[in-house]
$ cat model_38.tsv   # TSV, C-alpha atoms
chain	number	residue	atom	x	y	z
A	8	MET	CA	53.61	121.42	77.60
A	9	ARG	CA	51.69	122.91	74.69
A	10	ASP	CA	49.38	121.02	72.39
A	11	ASN	CA	52.22	118.67	71.62
A	12	VAL	CA	52.31	115.68	73.93
A	13	LYS	CA	55.94	114.90	73.22
A	14	GLY	CA	57.02	118.39	74.15
A	15	GLY	CA	57.28	119.42	70.52
A	16	ALA	CA	61.05	119.70	70.23
A	17	LEU	CA	61.94	120.43	66.62
A	18	THR	CA	65.01	118.97	65.03
A	19	GLU	CA	67.74	121.51	64.48
A	20	VAL	CA	67.38	121.06	60.74
A	21	SER	CA	63.62	121.79	60.83
A	22	PHE	CA	64.08	124.82	63.04
A	23	PHE	CA	66.78	126.28	60.83
A	24	VAL	CA	64.70	125.71	57.70
A	25	LEU	CA	61.86	127.63	59.38
A	26	LEU	CA	64.27	130.46	60.23
A	27	ALA	CA	65.75	130.42	56.73
A	28	THR	CA	62.31	130.83	55.17
A	29	TRP	CA	61.38	133.82	57.35
A	30	GLU	CA	61.96	135.58	54.06
A	31	PRO	CA	61.42	133.73	50.75
A	32	ARG	CA	64.38	131.56	49.80
A	33	HIS	CA	64.98	128.79	47.32
A	34	GLY	CA	66.66	125.49	48.21
A	35	TYR	CA	70.18	126.69	47.61
A	36	GLY	CA	69.48	129.89	49.56
A	37	ILE	CA	68.22	127.86	52.52
A	38	MET	CA	71.36	125.75	52.48
A	39	GLN	CA	73.61	128.84	52.31
A	40	PHE	CA	71.67	130.59	55.07
A	41	ILE	CA	72.02	127.65	57.47
A	42	GLU	CA	75.68	127.25	56.70
A	43	SER	CA	76.54	130.89	57.25
A	44	GLU	CA	74.25	131.25	60.27
A	45	THR	CA	76.01	128.33	62.00
A	46	ASN	CA	79.47	129.39	60.78
A	47	GLY	CA	79.70	126.19	58.75
A	48	ARG	CA	78.89	123.87	61.64
A	49	LEU	CA	75.66	122.67	60.06
A	50	ARG	CA	76.22	121.71	56.45
A	51	LEU	CA	73.15	119.97	55.11
A	52	GLY	CA	73.27	117.36	52.40
A	53	ALA	CA	70.89	118.21	49.58
A	54	GLY	CA	68.96	114.96	50.10
A	55	THR	CA	68.46	115.66	53.79
A	56	LEU	CA	67.40	119.24	53.05
A	57	TYR	CA	64.95	118.01	50.42
A	58	GLY	CA	63.38	115.67	52.96
A	59	ALA	CA	63.13	118.45	55.58
A	60	ILE	CA	61.54	120.89	53.13
A	61	ALA	CA	59.06	118.24	51.95
A	62	SER	CA	58.05	117.39	55.53
A	63	LEU	CA	57.62	121.02	56.58
A	64	GLU	CA	55.61	121.74	53.44
A	65	LYS	CA	53.38	118.76	54.18
A	66	LYS	CA	52.85	120.06	57.72
A	67	GLY	CA	51.87	123.42	56.27
A	68	TRP	CA	54.65	125.24	58.15
A	69	ILE	CA	56.31	126.46	54.98
A	70	ALA	CA	54.78	126.98	51.54
A	71	GLN	CA	55.90	127.67	48.01
A	72	VAL	CA	55.48	131.25	46.91
A	73	GLU	CA	55.36	132.92	43.49
A	74	SER	CA	58.79	133.32	42.01
A	75	ALA	CA	60.02	135.42	39.11
A	76	GLN	CA	62.68	132.81	38.32
A	77	ASP	CA	62.12	129.15	37.54
A	78	LYS	CA	63.45	128.10	40.93
A	79	LYS	CA	61.00	127.21	43.67
A	80	LEU	CA	60.78	129.72	46.49
A	81	TYR	CA	59.72	128.74	49.99
A	82	GLN	CA	58.38	130.91	52.77
A	83	ILE	CA	57.27	130.23	56.32
A	84	THR	CA	53.51	130.24	56.98
A	85	LYS	CA	51.61	131.76	59.93
A	86	GLU	CA	51.37	128.27	61.42
A	87	GLY	CA	55.11	127.82	60.92
A	88	GLU	CA	55.82	131.09	62.68
A	89	LYS	CA	53.81	129.90	65.68
A	90	VAL	CA	55.78	126.65	65.79
A	91	ALA	CA	59.08	128.51	65.53
A	92	GLU	CA	58.02	130.88	68.31
A	93	ALA	CA	57.21	127.90	70.57
A	94	GLU	CA	60.56	126.33	69.73
A	95	LYS	CA	62.38	129.55	70.63
A	96	GLU	CA	60.66	129.54	74.03
A	97	ARG	CA	61.48	125.87	74.54
A	98	LEU	CA	65.15	126.47	73.74
A	99	ARG	CA	65.17	129.45	76.08
A	100	SER	CA	63.98	127.25	78.94
A	101	VAL	CA	66.53	124.56	78.06
A	102	ILE	CA	69.29	127.17	78.20
A	103	ALA	CA	67.92	128.46	81.50
A	104	SER	CA	68.14	124.96	83.00
A	105	ALA	CA	71.62	124.44	81.63
A	106	GLU	CA	72.85	127.76	82.96
A	107	ARG	CA	71.29	127.26	86.35
A	108	ILE	CA	72.75	123.79	86.79
A	109	MET	CA	76.07	124.00	84.98
A	110	GLU	CA	77.05	127.48	86.01
A	111	GLY	CA	75.62	126.83	89.46
A	112	LEU	CA	78.05	123.90	89.76
A	113	CYS	CA	80.95	126.15	88.80
A	114	VAL	CA	80.06	128.58	91.60
A	115	ASN	CA	79.98	125.67	94.05
A	116	THR	CA	83.43	124.43	93.09
A	117	ASP	CA	84.76	127.96	93.46
A	118	THR	CA	83.37	128.21	96.95
A	119	PHE	CA	84.74	124.77	97.71
A	120	GLY	CA	88.18	125.87	96.59
A	121	GLU	CA	88.31	128.85	98.89
B	23	MET	CA	77.85	97.98	43.81
B	24	MET	CA	76.69	101.59	43.98
B	25	LYS	CA	79.73	102.53	46.04
B	26	SER	CA	82.11	101.12	43.47
B	27	GLN	CA	80.36	102.99	40.66
B	28	GLU	CA	80.64	106.16	42.69
B	29	GLN	CA	84.30	105.57	43.46
B	30	TRP	CA	84.99	104.88	39.82
B	31	LEU	CA	83.35	108.15	38.68
B	32	ASN	CA	85.33	110.07	41.29
B	33	LYS	CA	88.53	108.36	40.18
B	34	MET	CA	87.81	109.30	36.56
B	35	ALA	CA	87.24	112.92	37.62
B	36	LYS	CA	90.52	112.95	39.56
B	37	GLU	CA	92.23	111.75	36.42
B	38	GLY	CA	90.66	114.54	34.40
B	39	TRP	CA	87.54	112.94	32.95
B	40	ARG	CA	84.14	114.54	33.41
B	41	LEU	CA	80.92	112.68	32.80
B	42	ILE	CA	78.84	114.11	29.96
B	43	GLN	CA	76.30	111.38	29.24
B	44	THR	CA	75.03	108.07	30.52
B	45	GLY	CA	73.52	105.21	28.56
B	46	LYS	CA	72.15	101.88	29.68
B	47	LEU	CA	75.58	100.26	29.53
B	48	SER	CA	77.80	103.23	28.92
B	49	TYR	CA	79.26	106.41	30.28
B	50	ASP	CA	80.62	109.20	28.07
B	51	PHE	CA	83.37	111.46	29.33
B	52	GLU	CA	85.14	114.60	28.21
B	53	PRO	CA	88.50	115.90	29.40
B	54	CYS	CA	88.36	118.27	32.37
B	55	GLU	CA	90.64	119.83	34.96
B	56	PRO	CA	91.68	116.87	37.17
B	57	GLY	CA	89.69	116.88	40.41
B	58	ALA	CA	87.34	119.64	39.30
B	59	TYR	CA	84.22	117.59	40.01
B	60	VAL	CA	82.94	115.17	42.64
B	61	TYR	CA	80.16	112.60	42.25
B	62	ARG	CA	77.57	110.98	44.45
B	63	LEU	CA	75.13	108.23	43.55
B	64	GLU	CA	71.61	108.47	44.87
B	65	PHE	CA	69.19	105.55	44.95
B	66	VAL	CA	65.72	106.70	43.81
B	67	ALA	CA	63.96	103.51	42.70
B	68	GLN	CA	61.47	103.79	45.56
B	69	LYS	CA	60.23	107.12	44.20
B	70	SER	CA	57.56	107.50	41.55
B	71	TRP	CA	58.70	108.96	38.22
B	72	ASN	CA	57.13	112.27	39.22
B	73	GLU	CA	58.79	112.33	42.66
B	74	SER	CA	62.12	111.34	41.21
B	75	LYS	CA	61.88	114.15	38.65
B	76	LYS	CA	61.11	116.67	41.42
B	77	TYR	CA	64.08	115.41	43.39
B	78	GLN	CA	66.30	115.76	40.35
B	79	ILE	CA	65.11	119.34	39.73
B	80	PHE	CA	65.84	120.20	43.37
B	81	PHE	CA	69.43	119.00	42.94
B	82	GLU	CA	69.76	120.99	39.73
B	83	GLU	CA	68.53	124.10	41.52
B	84	MET	CA	71.33	123.49	44.03
B	85	GLY	CA	73.72	123.96	41.15
B	86	TYR	CA	74.47	120.25	40.74
B	87	LYS	CA	74.38	118.40	37.46
B	88	VAL	CA	72.28	115.24	37.45
B	89	TRP	CA	72.05	112.15	35.27
B	90	THR	CA	69.82	109.12	35.59
B	91	LYS	CA	71.23	105.62	35.42
B	92	ASN	CA	69.85	102.11	35.53
B	93	ILE	CA	70.73	99.75	38.32
B	94	ASN	CA	70.91	96.05	37.62
B	95	LEU	CA	68.01	95.07	39.79
B	96	ASN	CA	65.54	94.26	37.06
B	97	TRP	CA	65.20	90.58	36.46
B	98	SER	CA	62.15	90.82	34.25
B	99	MET	CA	62.31	91.96	30.65
B	100	GLY	CA	58.83	93.47	30.42
B	101	LYS	CA	57.96	97.12	30.09
B	102	ILE	CA	56.13	97.30	33.37
B	103	ARG	CA	57.46	96.14	36.67
B	104	TRP	CA	56.01	96.04	40.13
B	105	ARG	CA	58.30	97.22	42.87
B	106	PRO	CA	57.03	95.97	46.20
B	107	TYR	CA	59.48	98.31	47.94
B	108	GLY	CA	58.15	101.43	46.19
B	109	GLU	CA	56.23	104.23	47.85
B	110	GLY	CA	52.71	104.85	46.52
B	111	ALA	CA	52.83	105.34	42.77
B	112	GLY	CA	56.51	104.41	42.98
B	113	GLN	CA	55.41	100.78	43.12
B	114	ILE	CA	54.68	100.65	39.42
B	115	SER	CA	57.59	101.24	37.13
B	116	THR	CA	57.11	101.71	33.41
B	117	ASN	CA	59.39	102.13	30.45
B	118	PRO	CA	59.59	104.96	29.43
B	119	GLY	CA	59.34	106.34	32.95
B	120	SER	CA	61.21	105.45	36.09
B	121	TYR	CA	62.33	102.07	34.70
B	122	ASN	CA	66.10	102.05	34.10
B	123	LYS	CA	66.44	105.33	35.99
B	124	GLU	CA	66.86	103.89	39.45
B	125	LEU	CA	69.95	105.91	40.22
B	126	LEU	CA	70.80	109.56	40.07
B	127	ILE	CA	74.39	110.51	39.45
B	128	VAL	CA	74.93	113.88	41.08
B	129	GLU	CA	77.89	116.03	40.10
B	130	LYS	CA	79.17	118.99	42.05
B	131	GLU	CA	82.09	121.27	41.31
B	132	ASP	CA	84.67	120.37	43.92
B	133	ASP	CA	85.00	123.28	46.34
B	134	GLY	CA	87.10	121.30	48.79
B	135	GLN	CA	84.15	120.88	51.16
B	136	PRO	CA	82.75	117.42	51.89
B	137	PHE	CA	79.97	116.43	49.51
B	138	GLU	CA	77.31	114.23	51.08
B	139	LEU	CA	73.65	114.09	50.11
B	140	HIS	CA	72.45	112.72	53.45
B	141	THR	CA	73.76	114.30	56.62
B	142	ALA	CA	71.23	113.63	59.40
B	143	ASN	CA	71.07	110.27	61.21
B	144	ALA	CA	67.30	109.84	60.87
B	145	ASP	CA	67.46	110.70	57.19
B	146	LYS	CA	70.33	108.26	56.61
B	147	ALA	CA	68.36	105.50	58.34
B	148	LYS	CA	65.38	106.19	56.07
B	149	TYR	CA	67.51	106.24	52.93
B	150	TYR	CA	69.29	102.98	53.76
B	151	GLY	CA	65.87	101.51	54.60
B	152	TYR	CA	64.80	101.90	50.96
B	153	MET	CA	67.83	100.00	49.78
B	154	ARG	CA	67.40	97.28	52.39
B	155	ASN	CA	63.81	96.77	51.22
B	156	VAL	CA	64.95	96.23	47.65
B	157	TRP	CA	67.36	93.51	48.70
B	158	LEU	CA	64.76	92.03	51.00
B	159	GLY	CA	62.39	91.78	48.04
B	160	GLU	CA	65.06	90.16	45.89
B	161	ALA	CA	66.00	87.70	48.66
B	162	GLY	CA	62.34	86.74	49.01
B	163	THR	CA	61.99	86.29	45.27
B	164	PHE	CA	64.94	83.93	45.10
B	165	LEU	CA	63.79	82.00	48.11
B	166	LEU	CA	60.46	81.49	46.35
B	167	LEU	CA	62.25	80.46	43.16
B	168	SER	CA	64.35	77.95	45.04
B	169	VAL	CA	61.18	76.38	46.40
B	170	VAL	CA	59.56	76.35	42.95
B	171	PHE	CA	62.59	74.81	41.23
B	172	GLY	CA	64.07	72.72	43.98
B	173	ILE	CA	60.97	71.22	45.52
B	174	LEU	CA	58.09	71.57	43.10
B	175	ALA	CA	60.03	71.06	39.83
B	176	LYS	CA	62.60	68.75	41.46
B	177	ASN	CA	65.44	70.57	39.75
B	178	THR	CA	67.95	70.55	42.57
B	179	VAL	CA	70.71	72.36	40.65
B	180	VAL	CA	68.65	75.45	39.81
B	181	GLY	CA	66.94	75.21	43.18
B	182	SER	CA	70.27	75.23	45.01
B	183	ILE	CA	71.59	78.15	42.97
B	184	CYS	CA	68.47	80.16	43.81
B	185	LEU	CA	68.80	79.25	47.46
B	186	ILE	CA	72.45	80.33	47.53
B	187	LEU	CA	71.54	83.63	45.87
B	188	ALA	CA	68.73	84.12	48.39
B	189	VAL	CA	71.19	83.58	51.25
B	190	VAL	CA	73.72	85.99	49.75
B	191	MET	CA	71.01	88.63	49.39
B	192	ALA	CA	69.82	88.00	52.93
B	193	VAL	CA	73.36	88.73	54.09
B	194	VAL	CA	73.25	92.04	52.22
B	195	VAL	CA	69.93	92.80	53.94
B	196	LEU	CA	71.55	92.13	57.32
B	197	ILE	CA	74.47	94.43	56.51
B	198	PHE	CA	72.02	97.21	55.63
B	199	GLN	CA	69.97	96.44	58.73
B	200	LYS	CA	72.98	96.80	60.99
B	201	GLN	CA	73.80	100.17	59.46
B	202	ILE	CA	70.18	101.32	59.75
B	203	LYS	CA	70.03	100.31	63.39
B	204	LYS	CA	73.18	102.29	64.08
B	205	TYR	CA	71.75	105.41	62.45
B	206	ASN	CA	68.45	104.96	64.26
B	207	ASP	CA	70.19	104.55	67.62
B	208	ASP	CA	72.41	107.55	66.93
B	209	SER	CA	69.42	109.64	65.89
B	210	LYS	CA	67.96	109.25	69.37
B	211	ILE	CA	70.97	111.02	70.83
B	212	GLU	CA	72.26	113.19	68.05
B	213	GLU	CA	70.74	114.58	64.89
$ encode --input "model_38.tsv" --output "structure tokens"
Amino acid sequence: MRDNVKGGALTEVSFFVLLATWEPRHGYGIMQFIESETNGRLRLGAGTLYGAIASLEKKGWIAQVESAQDKKLYQITKEGEKVAEAEKERLRSVIASAERIMEGLCVNTDTFGE
Amino acid sequence: MMKSQEQWLNKMAKEGWRLIQTGKLSYDFEPCEPGAYVYRLEFVAQKSWNESKKYQIFFEEMGYKVWTKNINLNWSMGKIRWRPYGEGAGQISTNPGSYNKELLIVEKEDDGQPFELHTANADKAKYYGYMRNVWLGEAGTFLLLSVVFGILAKNTVVGSICLILAVVMAVVVLIFQKQIKKYNDDSKIEE
């Protein structure tokens, strides 16, 4: 319902890259973060991660920051934080719908059983 | 073609041979612990030399080892080649430069986990799209050649050979297209 006509749902990969770069991380760090945060459910291929980082950088939602090492460090931008915040709210409302309907159904069956 | 190269490198690694160097027609190996490494081939001919280099550095920062390799898609012998399937500056290939470096060989130490470079449906569709476009270009080229030889130059033998090659390549395009459609359809439901 925001400025995004399509509802602005992020892909899970994009959202997790935004979360991973809440503090500066390099490519490998982003991959590790996502893997451990999802208990290994989401294991990104390096090519897919590269594409996601490139797209988010192009959007201006993450940016490269100064790094002491040679490796490139990425960090979320103010704009990126806003997008992530909106996505969190969107997911919250999705969960609310799911809980209302799915758990509501469970209650109904229980009553039916009695 | 790429798949068989990849399988061969993985077979070598299982037998205790680790890649140390690639040449235009050669691979050099050294003995290693059998099964210590796994390989993936990545098609990068659509990328400019600069983009391809950045991609390679990204992989290296992941802790992978990367080599470049030529793919036998170059029918011309010149030092510059136009790639209609390229993206932006990736359309012009020069030697030295991206010419003869159409593939990346990516090596990872085998940690028992699956090793795939592309894991999201939309990304897979995009990646296979690049390869389809190459074959589409080649099919078109041979179709044109078959017209030139078979009809204009009245050389039916060469014309027929070109036509057969064009058809074979068109079949490859269709195989890619089917795969791409599947990934695109899947991406609408699942990442």
$ residues_around --input "model_38.tsv" --residues "Ala16 of chain A" --least-positions-apart "3" --cutoff "10 Å" --atoms "all atoms listed in the file" --output "PDB file with C-alpha atoms, in the frame of the given file"
ATOM      1  CA  ASN A  11      52.220 118.670  71.620  1.00  0.00           C
ATOM      2  CA  LYS A  13      55.940 114.900  73.220  1.00  0.00           C
ATOM      3  CA  GLU A  19      67.740 121.510  64.480  1.00  0.00           C
ATOM      4  CA  SER A  21      63.620 121.790  60.830  1.00  0.00           C
ATOM      5  CA  PHE A  22      64.080 124.820  63.040  1.00  0.00           C
ATOM      6  CA  VAL A  90      55.780 126.650  65.790  1.00  0.00           C
ATOM      7  CA  ALA A  93      57.210 127.900  70.570  1.00  0.00           C
ATOM      8  CA  GLU A  94      60.560 126.330  69.730  1.00  0.00           C
ATOM      9  CA  LYS A  95      62.380 129.550  70.630  1.00  0.00           C
ATOM     10  CA  ARG A  97      61.480 125.870  74.540  1.00  0.00           C
ATOM     11  CA  LEU A  98      65.150 126.470  73.740  1.00  0.00           C
TER      12      LEU A  98
END
$ interface_residues --input "model_38.tsv" --of "chain B" --to "chain A" --cutoff "10 Å" --atoms "all atoms listed in the file" --output "JSON, numbers by chain"
{"B": [64, 76, 77, 79, 80, 81, 82, 83, 84, 85, 86, 135, 136, 137, 138, 139, 140, 141, 142, 143, 144, 145, 146, 149, 212, 213]}
$ residues_around --input "model_38.tsv" --residues "Asp133 of chain B" --least-positions-apart "3" --cutoff "12 Å" --atoms "all atoms listed in the file" --output "MDAnalysis selection string"
chainID B and resid 57:60 129:130 136:137
$ residues_near_point --input "model_38.tsv" --point "(83.8, 113.5, 32.4)" --cutoff "12 Å" --atoms "all atoms listed in the file" --output "PyMOL selection string"
chain B and resi 30-44+49-61+87+129+131
$ axis_aligned_box --input "model_38.tsv" --around "segment 31-49 of chain B" --padding-each-side "8 Å" --output "lines of an AutoDock Vina configuration file"
center_x = 82.2
center_y = 107.4
center_z = 34.9
size_x = 36.1
size_y = 30.3
size_z = 28.7
$ atom_distance --input "model_38.tsv" --atom1 "atom CA of Glu42 of chain A" --atom2 "atom CA of Thr90 of chain B"
28.4 Å
$ atom_distance --input "model_38.tsv" --atom1 "atom CA of Gln76 of chain A" --atom2 "atom CA of Val88 of chain B"
20.0 Å
$ build_atoms --input "model_38.tsv" --residues "segment 17-34 of chain A" --atoms "N, CA, C and O atoms" --output "PDB file, keeping the file's coordinate frame"
ATOM      1  N   LEU A  17      61.645 120.563  68.049  1.00  0.00           N
ATOM      2  CA  LEU A  17      61.940 120.430  66.620  1.00  0.00           C
ATOM      3  C   LEU A  17      63.358 119.912  66.453  1.00  0.00           C
ATOM      4  O   LEU A  17      64.193 120.098  67.335  1.00  0.00           O
ATOM      5  N   THR A  18      63.615 119.290  65.320  1.00  0.00           N
ATOM      6  CA  THR A  18      65.010 118.970  65.030  1.00  0.00           C
ATOM      7  C   THR A  18      65.695 120.281  64.661  1.00  0.00           C
ATOM      8  O   THR A  18      65.041 121.246  64.247  1.00  0.00           O
ATOM      9  N   GLU A  19      66.998 120.289  64.803  1.00  0.00           N
ATOM     10  CA  GLU A  19      67.740 121.510  64.480  1.00  0.00           C
ATOM     11  C   GLU A  19      67.557 121.860  63.009  1.00  0.00           C
ATOM     12  O   GLU A  19      67.406 123.031  62.649  1.00  0.00           O
ATOM     13  N   VAL A  20      67.546 120.827  62.171  1.00  0.00           N
ATOM     14  CA  VAL A  20      67.380 121.060  60.740  1.00  0.00           C
ATOM     15  C   VAL A  20      66.036 121.733  60.456  1.00  0.00           C
ATOM     16  O   VAL A  20      65.977 122.756  59.763  1.00  0.00           O
ATOM     17  N   SER A  21      64.949 121.200  61.050  1.00  0.00           N
ATOM     18  CA  SER A  21      63.620 121.790  60.830  1.00  0.00           C
ATOM     19  C   SER A  21      63.589 123.242  61.293  1.00  0.00           C
ATOM     20  O   SER A  21      63.077 124.114  60.588  1.00  0.00           O
ATOM     21  N   PHE A  22      64.134 123.474  62.486  1.00  0.00           N
ATOM     22  CA  PHE A  22      64.080 124.820  63.040  1.00  0.00           C
ATOM     23  C   PHE A  22      64.837 125.800  62.151  1.00  0.00           C
ATOM     24  O   PHE A  22      64.364 126.893  61.851  1.00  0.00           O
ATOM     25  N   PHE A  23      66.001 125.386  61.684  1.00  0.00           N
ATOM     26  CA  PHE A  23      66.780 126.280  60.830  1.00  0.00           C
ATOM     27  C   PHE A  23      66.124 126.505  59.466  1.00  0.00           C
ATOM     28  O   PHE A  23      66.246 127.578  58.888  1.00  0.00           O
ATOM     29  N   VAL A  24      65.416 125.500  58.968  1.00  0.00           N
ATOM     30  CA  VAL A  24      64.700 125.710  57.700  1.00  0.00           C
ATOM     31  C   VAL A  24      63.585 126.731  57.917  1.00  0.00           C
ATOM     32  O   VAL A  24      63.369 127.624  57.084  1.00  0.00           O
ATOM     33  N   LEU A  25      62.910 126.640  59.058  1.00  0.00           N
ATOM     34  CA  LEU A  25      61.860 127.630  59.380  1.00  0.00           C
ATOM     35  C   LEU A  25      62.468 129.035  59.449  1.00  0.00           C
ATOM     36  O   LEU A  25      61.923 129.993  58.899  1.00  0.00           O
ATOM     37  N   LEU A  26      63.622 129.144  60.115  1.00  0.00           N
ATOM     38  CA  LEU A  26      64.270 130.460  60.230  1.00  0.00           C
ATOM     39  C   LEU A  26      64.716 130.964  58.858  1.00  0.00           C
ATOM     40  O   LEU A  26      64.566 132.148  58.543  1.00  0.00           O
ATOM     41  N   ALA A  27      65.238 130.040  58.050  1.00  0.00           N
ATOM     42  CA  ALA A  27      65.750 130.420  56.730  1.00  0.00           C
ATOM     43  C   ALA A  27      64.628 130.952  55.833  1.00  0.00           C
ATOM     44  O   ALA A  27      64.854 131.791  54.963  1.00  0.00           O
ATOM     45  N   THR A  28      63.413 130.431  56.044  1.00  0.00           N
ATOM     46  CA  THR A  28      62.310 130.830  55.170  1.00  0.00           C
ATOM     47  C   THR A  28      61.500 131.992  55.761  1.00  0.00           C
ATOM     48  O   THR A  28      60.406 132.284  55.297  1.00  0.00           O
ATOM     49  N   TRP A  29      62.060 132.627  56.794  1.00  0.00           N
ATOM     50  CA  TRP A  29      61.380 133.820  57.350  1.00  0.00           C
ATOM     51  C   TRP A  29      61.194 134.838  56.227  1.00  0.00           C
ATOM     52  O   TRP A  29      60.225 135.552  56.157  1.00  0.00           O
ATOM     53  N   GLU A  30      62.180 134.890  55.334  1.00  0.00           N
ATOM     54  CA  GLU A  30      61.960 135.580  54.060  1.00  0.00           C
ATOM     55  C   GLU A  30      62.087 134.539  52.954  1.00  0.00           C
ATOM     56  O   GLU A  30      62.761 133.521  53.145  1.00  0.00           O
ATOM     57  N   PRO A  31      61.431 134.770  51.796  1.00  0.00           N
ATOM     58  CA  PRO A  31      61.420 133.730  50.750  1.00  0.00           C
ATOM     59  C   PRO A  31      62.833 133.344  50.306  1.00  0.00           C
ATOM     60  O   PRO A  31      63.654 134.219  50.031  1.00  0.00           O
ATOM     61  N   ARG A  32      63.081 132.057  50.277  1.00  0.00           N
ATOM     62  CA  ARG A  32      64.380 131.560  49.800  1.00  0.00           C
ATOM     63  C   ARG A  32      64.168 130.298  48.984  1.00  0.00           C
ATOM     64  O   ARG A  32      63.243 129.539  49.247  1.00  0.00           O
ATOM     65  N   HIS A  33      65.034 130.065  48.022  1.00  0.00           N
ATOM     66  CA  HIS A  33      64.980 128.790  47.320  1.00  0.00           C
ATOM     67  C   HIS A  33      65.934 127.805  48.000  1.00  0.00           C
ATOM     68  O   HIS A  33      66.639 128.183  48.936  1.00  0.00           O
ATOM     69  N   GLY A  34      65.908 126.562  47.540  1.00  0.00           N
ATOM     70  CA  GLY A  34      66.660 125.490  48.210  1.00  0.00           C
ATOM     71  C   GLY A  34      68.107 125.853  48.479  1.00  0.00           C
ATOM     72  O   GLY A  34      68.594 125.723  49.612  1.00  0.00           O
TER      73      GLY A  34
END
